[in-house]
>>> print(open('entry.cif').read())   # mmCIF, C-alpha atoms
data_final
loop_
_atom_site.label_atom_id
_atom_site.label_comp_id
_atom_site.auth_asym_id
_atom_site.auth_seq_id
_atom_site.Cartn_x
_atom_site.Cartn_y
_atom_site.Cartn_z
CA MET W 186 43.22 51.85 -77.97
CA ARG W 187 41.31 50.51 -74.99
CA SER W 188 37.99 51.34 -73.45
CA GLY W 189 37.82 52.40 -69.80
CA LEU W 190 37.48 49.73 -67.15
CA ALA W 191 33.80 49.14 -66.57
CA ALA W 192 32.49 49.46 -63.04
CA PRO W 193 31.22 46.28 -61.42
CA ALA W 194 27.49 45.77 -61.38
CA SER W 195 25.72 46.93 -58.24
CA ALA W 196 24.41 43.39 -57.78
CA PRO W 197 25.84 40.14 -59.12
CA ALA W 198 24.30 38.85 -62.34
CA SER W 199 22.73 35.51 -61.48
CA ILE W 200 23.42 32.52 -63.73
CA ALA W 201 20.43 30.25 -63.27
CA PRO W 202 20.18 26.90 -65.05
CA ASP W 203 18.05 27.22 -68.19
CA ASP W 204 17.86 25.94 -71.72
CA ALA W 205 20.50 28.25 -73.20
CA PRO W 206 23.58 26.07 -73.90
CA ALA W 207 25.99 29.03 -73.85
CA VAL W 208 24.68 30.17 -70.45
CA ARG W 209 25.01 26.67 -69.03
CA LEU W 210 28.51 26.32 -70.50
CA LEU W 211 29.62 29.59 -68.90
CA ALA W 212 28.25 28.53 -65.51
CA GLU W 213 29.96 25.13 -65.76
CA THR W 214 33.25 26.70 -66.86
CA LEU W 215 33.28 29.17 -63.98
CA ARG W 216 32.44 26.44 -61.49
CA GLU W 217 35.32 24.33 -62.77
CA ALA W 218 37.67 27.34 -62.61
CA ALA W 219 36.68 27.97 -58.98
CA ARG W 220 36.96 24.28 -58.07
CA ARG W 221 40.46 24.04 -59.54
CA ASN W 222 41.47 27.49 -58.21
CA ALA W 223 42.30 28.85 -61.68
CA SER W 224 43.56 32.43 -61.77
CA ASP W 225 42.68 33.08 -65.43
CA LEU W 226 40.28 31.75 -68.04
CA HIS W 227 41.27 31.94 -71.72
CA ILE W 228 38.54 31.77 -74.38
CA GLU W 229 40.50 31.32 -77.61
CA PRO W 230 39.26 31.21 -81.22
CA LEU W 231 41.06 28.73 -83.48
CA GLU W 232 41.08 28.29 -87.23
CA HIS W 233 38.68 25.39 -86.76
CA GLY W 234 36.59 25.76 -83.60
CA TRP W 235 37.64 27.23 -80.25
CA ARG W 236 38.90 26.17 -76.85
CA ILE W 237 38.80 27.12 -73.17
CA ARG W 238 42.00 26.98 -71.11
CA LEU W 239 42.52 27.54 -67.37
CA ARG W 240 45.69 28.89 -65.78
CA ILE W 241 46.25 26.78 -62.68
CA ASP W 242 49.24 27.56 -60.46
CA GLY W 243 50.82 29.57 -63.29
CA VAL W 244 50.44 26.89 -66.00
CA LEU W 245 47.74 26.78 -68.71
CA HIS W 246 45.66 23.60 -69.03
CA GLU W 247 43.07 22.95 -71.72
CA SER W 248 39.62 22.59 -70.15
CA ALA W 249 37.28 22.06 -73.11
CA ARG W 250 36.76 22.36 -76.87
CA PRO W 251 33.03 23.14 -77.05
CA PRO W 252 30.99 22.94 -80.26
CA ALA W 253 31.84 25.69 -82.75
CA HIS W 254 28.27 27.02 -82.91
CA LEU W 255 28.38 28.04 -79.22
CA ARG W 256 31.39 30.36 -79.50
CA ASP W 257 29.66 33.60 -80.54
CA ALA W 258 26.86 33.19 -77.99
CA PHE W 259 29.40 32.37 -75.26
CA VAL W 260 31.53 35.45 -76.01
CA THR W 261 28.49 37.69 -76.29
CA ARG W 262 27.17 36.48 -72.94
CA ILE W 263 30.43 37.41 -71.23
CA LYS W 264 30.63 40.82 -72.92
CA VAL W 265 27.05 41.68 -71.94
CA LEU W 266 27.68 40.77 -68.30
CA ALA W 267 30.94 42.75 -68.33
CA ARG W 268 29.20 45.82 -69.83
CA MET W 269 31.31 45.75 -72.96
CA ASP W 270 30.20 46.80 -76.44
CA ILE W 271 29.04 43.58 -78.11
CA ALA W 272 29.01 45.24 -81.54
CA GLU W 273 32.67 46.31 -81.31
CA ARG W 274 35.05 43.53 -82.33
CA ARG W 275 37.82 45.55 -83.99
CA ILE W 276 39.59 46.97 -80.93
CA PRO W 277 40.46 45.64 -77.45
CA GLN W 278 38.02 46.31 -74.62
CA ASP W 279 38.15 46.02 -70.84
CA GLY W 280 35.28 45.14 -68.56
CA ARG W 281 34.44 43.76 -65.18
CA LEU W 282 31.74 41.36 -64.09
CA ARG W 283 30.34 39.84 -60.95
CA LEU W 284 28.68 36.46 -61.09
CA SER W 285 26.79 34.15 -58.75
CA PRO W 286 27.12 30.78 -60.45
CA ARG W 287 24.37 29.17 -58.37
CA GLY W 288 22.00 32.11 -58.36
CA GLU W 289 22.84 33.11 -54.79
CA THR W 290 22.74 36.79 -53.92
CA GLN W 291 25.53 36.64 -51.36
CA ALA W 292 28.12 34.25 -52.81
CA HIS W 293 29.71 35.84 -55.86
CA GLU W 294 33.01 36.13 -57.71
CA ASP W 295 34.50 39.13 -59.50
CA TYR W 296 36.36 38.94 -62.80
CA ARG W 297 38.34 41.42 -64.88
CA VAL W 298 37.67 40.84 -68.58
CA ASN W 299 39.78 41.79 -71.59
CA SER W 300 38.93 41.20 -75.25
CA LEU W 301 41.46 41.15 -78.08
CA PRO W 302 40.76 40.84 -81.82
CA THR W 303 42.84 38.01 -83.31
CA LEU W 304 43.18 36.42 -86.73
CA HIS W 305 40.31 33.99 -86.08
CA GLY W 306 38.06 36.16 -83.90
CA GLU W 307 37.88 37.72 -80.46
CA LYS W 308 39.94 36.20 -77.65
CA LEU W 309 38.74 36.81 -74.10
CA VAL W 310 40.71 36.48 -70.87
CA LEU W 311 38.93 36.54 -67.52
CA ARG W 312 41.08 37.20 -64.44
CA ARG W 313 39.61 36.12 -61.12
CA LEU W 314 39.76 38.93 -58.58
CA GLU W 315 39.90 37.15 -55.27
CA ALA W 316 39.46 38.68 -51.84
CA LEU W 317 42.53 38.85 -49.66
CA PRO W 318 43.07 35.64 -47.68
CA ALA W 319 42.04 35.94 -44.04
CA ASP W 320 45.42 34.60 -42.94
CA LEU W 321 47.50 36.91 -45.16
CA SER W 322 50.83 37.60 -43.47
CA LEU W 323 54.52 37.73 -44.26
CA ALA W 324 54.79 34.07 -43.29
CA ALA W 325 51.90 33.18 -45.62
CA LEU W 326 53.76 34.93 -48.46
CA GLY W 327 56.59 32.42 -48.02
CA LEU W 328 59.17 34.54 -46.20
CA ASP W 329 61.33 32.80 -43.60
CA GLN W 330 61.77 34.22 -40.11
CA PRO W 331 64.90 36.36 -40.77
CA GLN W 332 63.30 37.76 -43.94
CA GLN W 333 60.11 38.58 -42.05
CA GLN W 334 62.07 40.53 -39.45
CA THR W 335 64.06 42.46 -42.08
CA LEU W 336 61.01 43.29 -44.19
CA GLY W 337 58.86 44.08 -41.17
CA ALA W 338 61.43 46.64 -39.99
CA ALA W 339 61.46 48.30 -43.42
CA ILE W 340 57.70 48.66 -43.82
CA GLY W 341 57.42 49.75 -40.19
CA ALA W 342 59.76 52.70 -40.79
CA PRO W 343 58.24 56.20 -41.00
CA HIS W 344 59.71 56.97 -44.42
CA GLY W 345 61.69 55.49 -47.29
CA LEU W 346 61.15 53.53 -50.49
CA VAL W 347 60.41 49.78 -50.39
CA LEU W 348 60.33 47.97 -53.74
CA VAL W 349 58.94 44.55 -54.68
CA THR W 350 60.41 43.24 -57.94
CA GLY W 351 59.78 40.27 -60.19
CA PRO W 352 58.12 39.30 -63.47
CA THR W 353 54.41 39.58 -64.22
CA GLY W 354 52.42 37.02 -62.26
CA SER W 355 54.94 36.60 -59.45
CA GLY W 356 52.61 37.88 -56.71
CA LYS W 357 54.01 41.41 -56.32
CA THR W 358 50.61 43.07 -55.91
CA LEU W 359 49.52 40.59 -53.26
CA SER W 360 52.72 41.35 -51.33
CA LEU W 361 51.97 45.08 -51.45
CA TYR W 362 48.42 44.47 -50.23
CA CYS W 363 49.84 42.42 -47.37
CA PHE W 364 52.12 45.33 -46.40
CA LEU W 365 49.18 47.75 -46.52
CA GLN W 366 47.05 45.49 -44.35
CA MET W 367 49.84 45.34 -41.77
CA LEU W 368 50.01 49.14 -41.69
CA ASN W 369 46.27 49.76 -41.85
CA ASN W 370 45.04 51.41 -38.66
CA ALA W 371 43.21 54.57 -37.66
CA SER W 372 46.42 56.50 -36.96
CA ARG W 373 47.70 56.37 -40.57
CA ASN W 374 46.48 57.82 -43.86
CA LEU W 375 47.15 55.09 -46.44
CA CYS W 376 46.73 55.85 -50.16
CA SER W 377 47.31 53.83 -53.31
CA VAL W 378 47.56 54.53 -57.04
CA GLU W 379 46.84 51.45 -59.15
CA ASP W 380 46.08 50.45 -62.74
CA PRO W 381 43.55 49.15 -61.86
CA ALA W 382 42.76 48.50 -58.20
CA GLU W 383 42.09 44.75 -58.30
CA ILE W 384 40.96 44.34 -54.69
CA GLN W 385 39.10 46.92 -52.62
CA LEU W 386 40.75 47.42 -49.23
CA ALA W 387 38.72 48.92 -46.41
CA GLY W 388 40.49 51.89 -44.87
CA ILE W 389 42.75 52.53 -47.90
CA ASN W 390 42.20 55.50 -50.22
CA GLN W 391 42.57 53.79 -53.60
CA VAL W 392 42.89 55.70 -56.88
CA ASN W 393 42.51 54.13 -60.32
CA VAL W 394 44.81 55.45 -63.04
CA ARG W 395 42.85 56.63 -66.10
CA GLU W 396 45.40 57.65 -68.69
CA LYS W 397 42.80 58.37 -71.39
CA ALA W 398 41.30 60.96 -69.07
CA GLY W 399 44.76 62.32 -68.20
CA LEU W 400 44.97 60.77 -64.73
CA THR W 401 48.46 59.26 -64.87
CA PHE W 402 50.51 57.70 -62.08
CA ALA W 403 52.59 60.86 -61.72
CA LEU W 404 49.57 63.19 -61.66
CA ALA W 405 47.75 61.04 -59.10
CA LEU W 406 50.90 60.87 -56.96
CA ARG W 407 51.28 64.65 -56.92
CA ALA W 408 47.65 64.98 -55.86
CA LEU W 409 48.09 62.40 -53.11
CA LEU W 410 51.04 64.32 -51.70
CA ARG W 411 48.59 67.16 -50.96
CA GLN W 412 46.28 64.70 -49.14
CA ASP W 413 48.52 64.43 -46.05
CA PRO W 414 49.49 60.77 -46.63
CA ASP W 415 51.58 58.62 -44.31
CA VAL W 416 51.94 55.65 -46.66
CA ILE W 417 51.69 55.68 -50.45
CA MET W 418 51.43 52.53 -52.54
CA ILE W 419 52.21 52.84 -56.27
CA GLY W 420 51.06 49.88 -58.36
CA GLU W 421 54.11 50.06 -60.61
CA ILE W 422 56.98 52.45 -61.36
CA ARG W 423 57.01 52.67 -65.14
CA ASP W 424 58.75 55.90 -66.11
CA GLU W 425 61.11 58.65 -64.97
CA GLU W 426 58.34 60.99 -63.86
CA THR W 427 56.68 58.44 -61.59
CA ALA W 428 60.04 57.27 -60.24
CA SER W 429 61.17 60.82 -59.43
CA VAL W 430 57.94 61.67 -57.59
CA ALA W 431 58.15 58.38 -55.63
CA VAL W 432 61.76 58.99 -54.60
CA LYS W 433 61.06 62.58 -53.56
CA ALA W 434 58.04 61.45 -51.53
CA ALA W 435 60.19 58.86 -49.77
CA GLN W 436 62.74 61.58 -48.94
CA THR W 437 60.16 63.97 -47.53
CA GLY W 438 58.73 61.84 -44.72
CA HIS W 439 56.51 59.30 -46.50
CA LEU W 440 56.73 55.54 -46.68
CA VAL W 441 56.42 54.58 -50.37
CA LEU W 442 55.69 51.02 -51.50
CA SER W 443 55.89 50.04 -55.16
CA THR W 444 56.78 47.36 -57.72
CA LEU W 445 59.33 47.17 -60.50
CA HIS W 446 59.98 44.62 -63.24
CA THR W 447 63.52 43.33 -62.69
CA ASN W 448 64.99 39.84 -62.37
CA ASP W 449 66.45 40.33 -58.90
CA ALA W 450 66.84 42.89 -56.13
CA PRO W 451 70.23 44.42 -57.13
CA ALA W 452 68.99 44.99 -60.69
CA ALA W 453 66.27 47.31 -59.36
CA VAL W 454 68.92 49.90 -58.48
CA ALA W 455 70.34 49.88 -62.00
CA ARG W 456 66.83 50.09 -63.50
CA LEU W 457 65.89 53.19 -61.53
CA ILE W 458 69.13 54.93 -62.43
CA ASP W 459 68.65 53.96 -66.08
CA ILE W 460 65.22 55.61 -66.21
CA GLY W 461 66.60 58.86 -64.82
CA VAL W 462 66.63 58.84 -61.00
CA GLU W 463 69.69 60.63 -59.64
CA PRO W 464 71.94 58.15 -57.78
CA TYR W 465 72.33 60.36 -54.69
CA ASN W 466 68.54 60.75 -54.40
CA LEU W 467 68.02 57.00 -54.82
CA ALA W 468 70.68 56.19 -52.22
CA ALA W 469 68.98 58.51 -49.72
CA ALA W 470 65.46 57.17 -50.34
CA LEU W 471 65.81 53.43 -50.96
CA ARG W 472 65.33 51.36 -47.81
CA LEU W 473 64.80 47.79 -49.05
CA VAL W 474 64.28 45.79 -52.24
CA THR W 475 62.73 42.34 -52.35
CA ALA W 476 62.59 40.10 -55.43
CA GLN W 477 60.16 37.22 -55.62
CA ARG W 478 58.91 34.29 -57.67
CA LEU W 479 56.12 31.76 -57.21
CA VAL W 480 56.86 28.03 -57.21
CA ARG W 481 54.25 25.29 -57.30
CA ARG W 482 53.68 23.24 -54.15
CA LEU W 483 53.99 19.49 -54.51
CA CYS W 484 50.79 17.58 -53.86
CA ALA W 485 51.32 16.10 -50.39
CA LYS W 486 49.20 13.05 -51.24
CA CYS W 487 51.23 11.76 -54.18
CA ARG W 488 54.75 13.22 -54.03
CA VAL W 489 57.54 10.64 -54.13
CA ARG W 490 61.29 10.69 -53.48
CA SER W 491 63.56 11.44 -56.44
CA ASP W 492 65.81 8.71 -57.83
CA GLU W 493 68.41 11.15 -59.16
CA SER W 494 72.03 10.41 -58.40
CA ALA W 495 73.86 12.13 -55.56
CA ALA W 496 76.21 13.69 -58.11
CA ALA W 497 73.31 15.25 -60.04
CA LEU W 498 71.75 16.63 -56.88
CA SER W 499 75.09 18.02 -55.73
CA ALA W 500 75.58 19.73 -59.10
CA ALA W 501 72.20 21.42 -58.63
CA GLY W 502 73.24 22.71 -55.21
CA LEU W 503 71.59 20.05 -53.05
CA ASP W 504 74.46 18.58 -51.05
CA ASN W 505 73.52 16.09 -48.34
CA ASP W 506 73.80 17.27 -44.78
CA GLU W 507 76.59 15.43 -42.98
CA GLY W 508 75.32 12.21 -41.47
CA GLU W 509 71.99 12.32 -43.30
CA ALA W 510 70.86 9.09 -44.96
CA PRO W 511 70.80 9.40 -48.77
CA GLN W 512 67.27 8.01 -49.07
CA THR W 513 65.85 10.69 -46.74
CA SER W 514 67.88 13.55 -48.17
CA ARG W 515 66.60 13.08 -51.73
CA PRO W 516 64.09 15.72 -52.79
CA PHE W 517 60.50 14.93 -53.67
CA VAL W 518 59.17 14.93 -57.26
CA ALA W 519 55.67 15.28 -58.68
CA ARG W 520 53.69 12.18 -59.59
CA GLY W 521 50.02 13.11 -59.98
CA CYS W 522 46.81 11.77 -58.45
CA GLU W 523 43.08 12.40 -58.36
CA SER W 524 43.46 14.98 -55.61
CA CYS W 525 45.70 17.23 -57.78
CA HIS W 526 43.91 16.37 -61.06
CA GLY W 527 46.96 14.43 -62.24
CA ILE W 528 49.24 17.49 -62.20
CA GLY W 529 51.35 16.62 -59.17
CA TYR W 530 51.14 20.13 -57.72
CA ARG W 531 48.52 22.02 -55.72
CA GLY W 532 48.86 25.74 -55.00
CA ARG W 533 51.94 27.96 -55.02
CA VAL W 534 54.28 29.56 -52.49
CA GLY W 535 56.57 32.56 -52.78
CA ILE W 536 60.36 32.51 -52.71
CA HIS W 537 62.09 35.76 -51.86
CA GLU W 538 65.38 37.64 -52.01
CA VAL W 539 65.17 40.35 -49.33
CA MET W 540 67.88 42.99 -49.69
CA PRO W 541 68.02 45.82 -47.12
CA VAL W 542 70.05 48.78 -48.36
CA SER W 543 73.06 49.14 -46.09
CA THR W 544 75.49 52.04 -45.78
CA ALA W 545 77.98 50.17 -47.98
CA MET W 546 75.32 49.70 -50.66
CA ARG W 547 74.38 53.38 -50.55
CA GLU W 548 78.00 54.24 -51.28
CA LEU W 549 77.96 51.86 -54.26
CA ILE W 550 74.74 53.45 -55.53
CA VAL W 551 76.16 56.97 -55.31
CA ALA W 552 79.27 55.77 -57.14
CA GLN W 553 76.99 54.24 -59.82
CA ARG W 554 78.52 50.81 -59.45
CA SER W 555 77.01 47.92 -61.42
CA ALA W 556 74.24 45.60 -60.28
CA HIS W 557 76.84 42.80 -60.07
CA GLU W 558 78.87 44.78 -57.53
CA ILE W 559 75.75 45.52 -55.48
CA ALA W 560 74.84 41.82 -55.65
CA ARG W 561 78.32 40.88 -54.47
CA GLN W 562 77.97 43.24 -51.52
CA ALA W 563 74.53 41.77 -50.73
CA ARG W 564 76.02 38.26 -50.60
CA THR W 565 78.79 39.54 -48.32
CA GLU W 566 76.06 40.84 -45.99
CA GLY W 567 74.28 37.47 -45.97
CA VAL W 568 71.40 38.17 -48.36
CA ALA W 569 70.11 34.85 -49.77
CA THR W 570 69.54 34.68 -53.52
CA LEU W 571 66.31 33.53 -55.14
CA ARG W 572 68.05 30.25 -56.00
CA ASP W 573 69.01 29.82 -52.33
CA ALA W 574 65.40 30.41 -51.28
CA ALA W 575 64.09 27.99 -53.90
CA LEU W 576 66.48 25.23 -52.87
CA ALA W 577 65.39 25.70 -49.25
CA ARG W 578 61.83 24.89 -50.36
CA VAL W 579 63.15 21.80 -52.15
CA ARG W 580 64.93 20.61 -49.01
CA ASP W 581 61.81 20.95 -46.86
CA GLY W 582 59.69 19.07 -49.41
CA THR W 583 57.51 22.01 -50.45
CA THR W 584 58.47 21.90 -54.13
CA SER W 585 60.52 19.86 -56.58
CA LEU W 586 64.03 20.54 -57.79
CA ALA W 587 62.77 20.90 -61.39
CA GLU W 588 60.27 23.55 -60.31
CA ALA W 589 62.90 25.43 -58.27
CA LEU W 590 65.41 25.49 -61.11
CA CYS W 591 62.75 26.57 -63.62
CA ALA W 592 61.61 29.46 -61.42
CA THR W 593 65.16 30.74 -60.84
CA ASP W 594 66.84 30.16 -64.18
CA THR W 595 67.49 33.88 -64.70
CA PRO W 596 70.79 35.33 -63.47
CA SER W 597 70.63 36.62 -59.95
#
>>> encode(input="entry.cif", output="structure tokens")
Amino acid sequence: MRSGLAAPASAPASIAPDDAPAVRLLAETLREAARRNASDLHIEPLEHGWRIRLRIDGVLHESARPPAHLRDAFVTRIKVLARMDIAERRIPQDGRLRLSPRGETQAHEDYRVNSLPTLHGEKLVLRRLEALPADLSLAALGLDQPQQQTLGAAIGAPHGLVLVTGPTGSGKTLSLYCFLQMLNNASRNLCSVEDPAEIQLAGINQVNVREKAGLTFALALRALLRQDPDVIMIGEIRDEETASVAVKAAQTGHLVLSTLHTNDAPAAVARLIDIGVEPYNLAAALRLVTAQRLVRRLCAKCRVRSDESAAALSAAGLDNDEGEAPQTSRPFVARGCESCHGIGYRGRVGIHEVMPVSTAMRELIVAQRSAHEIARQARTEGVATLRDAALARVRDGTTSLAEALCATDTPS
């Protein structure tokens, strides 16, 4: 059971320096999270004491273990700012807060807050809700030039279903927002159904799912279809009802953008059929599937060349180009310096498998062939796998071989 998502405050709650240790600790923690570009803050109760951890570039790092007597005041402060019930500690709650760490009325940051009762007390997770980058584009997402052209053609089409797949935290929502921004102009009616809408987009009609109130994905989608939409973005396809409405919308003159949790692009076809979409309807509607992961960028100030043997690199798929000197063909590895806080990485970049649905693939879908057969056809048509895309980022020095292999260790 979860409470509804609280609306953000009309004005940011100012955190001014004062004598309250918990208030000062919260301000310092949020400043550190912003400085290190952390996506999530974890406030975790332990059997003896508590700790604060920051998720930086997808990996959790312990930030502090403050004195035990500050924990309750710290948690209460966050729950008050997020408009959550401070007396309720038995069930999960959701909230949202807006803070100005230095007391400024203009500069602020938004956070989504979730509380969870655990064995040793309430655990809080704060997710930073960042504005879209000013330079957001297909290239900024990490797509190479051929992938940009293929994907651009798909999202520029007047109708059809375009899916972005990958695990939680792989940047799928940001990709969808990028697509919407590219399509956002006065000649189109763009609508989205999300749970929840993490970033407000000017010019987009965004709807928040509220399942407790009966506003489900499927119900919101049916209502949107009566709103004369040109483009519909669905935060996630979770069930047969939502999938069926999305496919029918794509067949009746709408461009539908959505996400799905699968390991790679071919597996998305099997997933949709498994949850009840008729193969002939899916074959007619599906235009393109892209799978993605995020890999950490090596810190440019401290990266060094690997000393792995040529045989080991070849076994991993990194064969030297003919005529290339071995010392310059070796990939870079992380070392760590003051600039990257000793981690060896700074920021992340996407790797992508972009699979347009060809006539041959539509025939395989109608025949209900396996994901492996669809994948084989995709390779025949020149679609690069996630592993291929990751190794390309290793070759150009963007990431390390260890990071690439870790991000693509699932079958593709």
>>> residues_around(input="entry.cif", residues="W:Gly354", least_positions_apart="4", cutoff="12 Å", atoms="only C-alpha atoms", output="list in words")
Ser224, Asp225, Arg240, Ile241, Asp242, Gly243, Val244, Arg312, Thr350, Thr358, Leu359, Ser360, His446, Gln477, Arg478, Leu479, Val480, Arg533, Gly535 and Ala592 of chain W
>>> write_last_selection(input="entry.cif", atoms="C-alpha atoms", output="JSON list (two decimals), in the coordinates of the input")
[["chain", "number", "residue", "atom", "x", "y", "z"],
["W", 224, "SER", "CA", 43.56, 32.43, -61.77],
["W", 225, "ASP", "CA", 42.68, 33.08, -65.43],
["W", 240, "ARG", "CA", 45.69, 28.89, -65.78],
["W", 241, "ILE", "CA", 46.25, 26.78, -62.68],
["W", 242, "ASP", "CA", 49.24, 27.56, -60.46],
["W", 243, "GLY", "CA", 50.82, 29.57, -63.29],
["W", 244, "VAL", "CA", 50.44, 26.89, -66.00],
["W", 312, "ARG", "CA", 41.08, 37.20, -64.44],
["W", 350, "THR", "CA", 60.41, 43.24, -57.94],
["W", 358, "THR", "CA", 50.61, 43.07, -55.91],
["W", 359, "LEU", "CA", 49.52, 40.59, -53.26],
["W", 360, "SER", "CA", 52.72, 41.35, -51.33],
["W", 446, "HIS", "CA", 59.98, 44.62, -63.24],
["W", 477, "GLN", "CA", 60.16, 37.22, -55.62],
["W", 478, "ARG", "CA", 58.91, 34.29, -57.67],
["W", 479, "LEU", "CA", 56.12, 31.76, -57.21],
["W", 480, "VAL", "CA", 56.86, 28.03, -57.21],
["W", 533, "ARG", "CA", 51.94, 27.96, -55.02],
["W", 535, "GLY", "CA", 56.57, 32.56, -52.78],
["W", 592, "ALA", "CA", 61.61, 29.46, -61.42]]
>>> resolve_selection(input="entry.cif", expression="the PyMOL selection byres ((chain W and resi 236) around 12)", output="PyMOL selection string")
chain W and resi 214+226-235+237-239+246-253+255-256+259-260+308-309
>>> resolve_selection(input="entry.cif", expression="the PyMOL selection byres ((chain W and resi 298) around 12)", output="PyMOL selection string")
chain W and resi 188-193+225-228+260+263-269+277-283+295-297+299-301+308-314+383
>>> atom_distance(input="entry.cif", atom1="atom CA of W:Ala574", atom2="atom CA of W:Arg515")
17.4 Å
>>> atom_distance(input="entry.cif", atom1="atom CA of W:Pro516", atom2="atom CA of W:Arg490")
5.8 Å
>>> residues_around(input="entry.cif", residues="stretch 517-525 of chain W", least_positions_apart="2", cutoff="9 Å", atoms="all atoms listed in the file", output="PDB file with C-alpha atoms, keeping the file's coordinate frame")
ATOM      1  CA  ARG W 221      40.460  24.040 -59.540  1.00  0.00           C
ATOM      2  CA  LEU W 483      53.990  19.490 -54.510  1.00  0.00           C
ATOM      3  CA  CYS W 484      50.790  17.580 -53.860  1.00  0.00           C
ATOM      4  CA  LYS W 486      49.200  13.050 -51.240  1.00  0.00           C
ATOM      5  CA  CYS W 487      51.230  11.760 -54.180  1.00  0.00           C
ATOM      6  CA  ARG W 488      54.750  13.220 -54.030  1.00  0.00           C
ATOM      7  CA  VAL W 489      57.540  10.640 -54.130  1.00  0.00           C
ATOM      8  CA  ARG W 490      61.290  10.690 -53.480  1.00  0.00           C
ATOM      9  CA  SER W 491      63.560  11.440 -56.440  1.00  0.00           C
ATOM     10  CA  ARG W 515      66.600  13.080 -51.730  1.00  0.00           C
ATOM     11  CA  GLY W 527      46.960  14.430 -62.240  1.00  0.00           C
ATOM     12  CA  ILE W 528      49.240  17.490 -62.200  1.00  0.00           C
ATOM     13  CA  GLY W 529      51.350  16.620 -59.170  1.00  0.00           C
ATOM     14  CA  TYR W 530      51.140  20.130 -57.720  1.00  0.00           C
ATOM     15  CA  ARG W 531      48.520  22.020 -55.720  1.00  0.00           C
ATOM     16  CA  VAL W 579      63.150  21.800 -52.150  1.00  0.00           C
ATOM     17  CA  ARG W 580      64.930  20.610 -49.010  1.00  0.00           C
ATOM     18  CA  GLY W 582      59.690  19.070 -49.410  1.00  0.00           C
ATOM     19  CA  THR W 583      57.510  22.010 -50.450  1.00  0.00           C
ATOM     20  CA  THR W 584      58.470  21.900 -54.130  1.00  0.00           C
ATOM     21  CA  SER W 585      60.520  19.860 -56.580  1.00  0.00           C
ATOM     22  CA  LEU W 586      64.030  20.540 -57.790  1.00  0.00           C
ATOM     23  CA  ALA W 587      62.770  20.900 -61.390  1.00  0.00           C
TER      24      ALA W 587
END
>>> resolve_selection(input="entry.cif", expression="the PyMOL selection byres ((chain W and resi 563-569) around 12)", output="PyMOL selection string")
chain W and resi 328-329+331-332+335+449-452+473-477+536-547+549+556-562+570-577+597
>>> atom_distance(input="entry.cif", atom1="atom CA of W:Val534", atom2="atom CA of W:Ala485")
13.9 Å
>>> closest_residue(input="entry.cif", among="W:Glu548, W:Glu294, W:Asp504, W:Glu396", to="W:Asn466", atoms="only C-alpha atoms")
W:Glu548
>>> residues_around(input="entry.cif", residues="W:Arg373", least_positions_apart="3", cutoff="9 Å", atoms="all atoms listed in the file", output="PyMOL selection string")
chain W and resi 368-370+414-416
>>> residues_around(input="entry.cif", residues="W:Gln412", least_positions_apart="3", cutoff="9 Å", atoms="only C-alpha atoms", output="list in words")
Asn374, Cys376, Ala408 and Leu409 of chain W
>>> write_last_selection(input="entry.cif", atoms="C-alpha atoms", output="CSV table (one decimal), in the frame of the given file")
chain,number,residue,atom,x,y,z
W,374,ASN,CA,46.5,57.8,-43.9
W,376,CYS,CA,46.7,55.8,-50.2
W,408,ALA,CA,47.6,65.0,-55.9
W,409,LEU,CA,48.1,62.4,-53.1
>>> closest_residue(input="entry.cif", among="W:Ile271, W:Ala453, W:Ala501, W:Leu336", to="W:Leu467", atoms="only C-alpha atoms")
W:Ala453
>>> residues_around(input="entry.cif", residues="W:Met367", least_positions_apart="2", cutoff="12 Å", atoms="all atoms listed in the file", output="list in words")
Asp320, Leu321, Ser322, Leu323, Leu336, Gly337, Ala338, Ile340, Gly341, Ser360, Leu361, Tyr362, Cys363, Phe364, Leu365, Asn369, Asn370, Arg373, Leu375, Leu386, Gly388, Ile389 and Val416 of chain W
>>> closest_residue(input="entry.cif", among="W:Val551, W:Asn448, W:Arg220, W:Ala205", to="W:His526", atoms="only C-alpha atoms")
W:Arg220
>>> closest_residue(input="entry.cif", among="W:Thr303, W:Ser377, W:Ser555, W:Gln330", to="W:Leu440", atoms="only C-alpha atoms")
W:Ser377
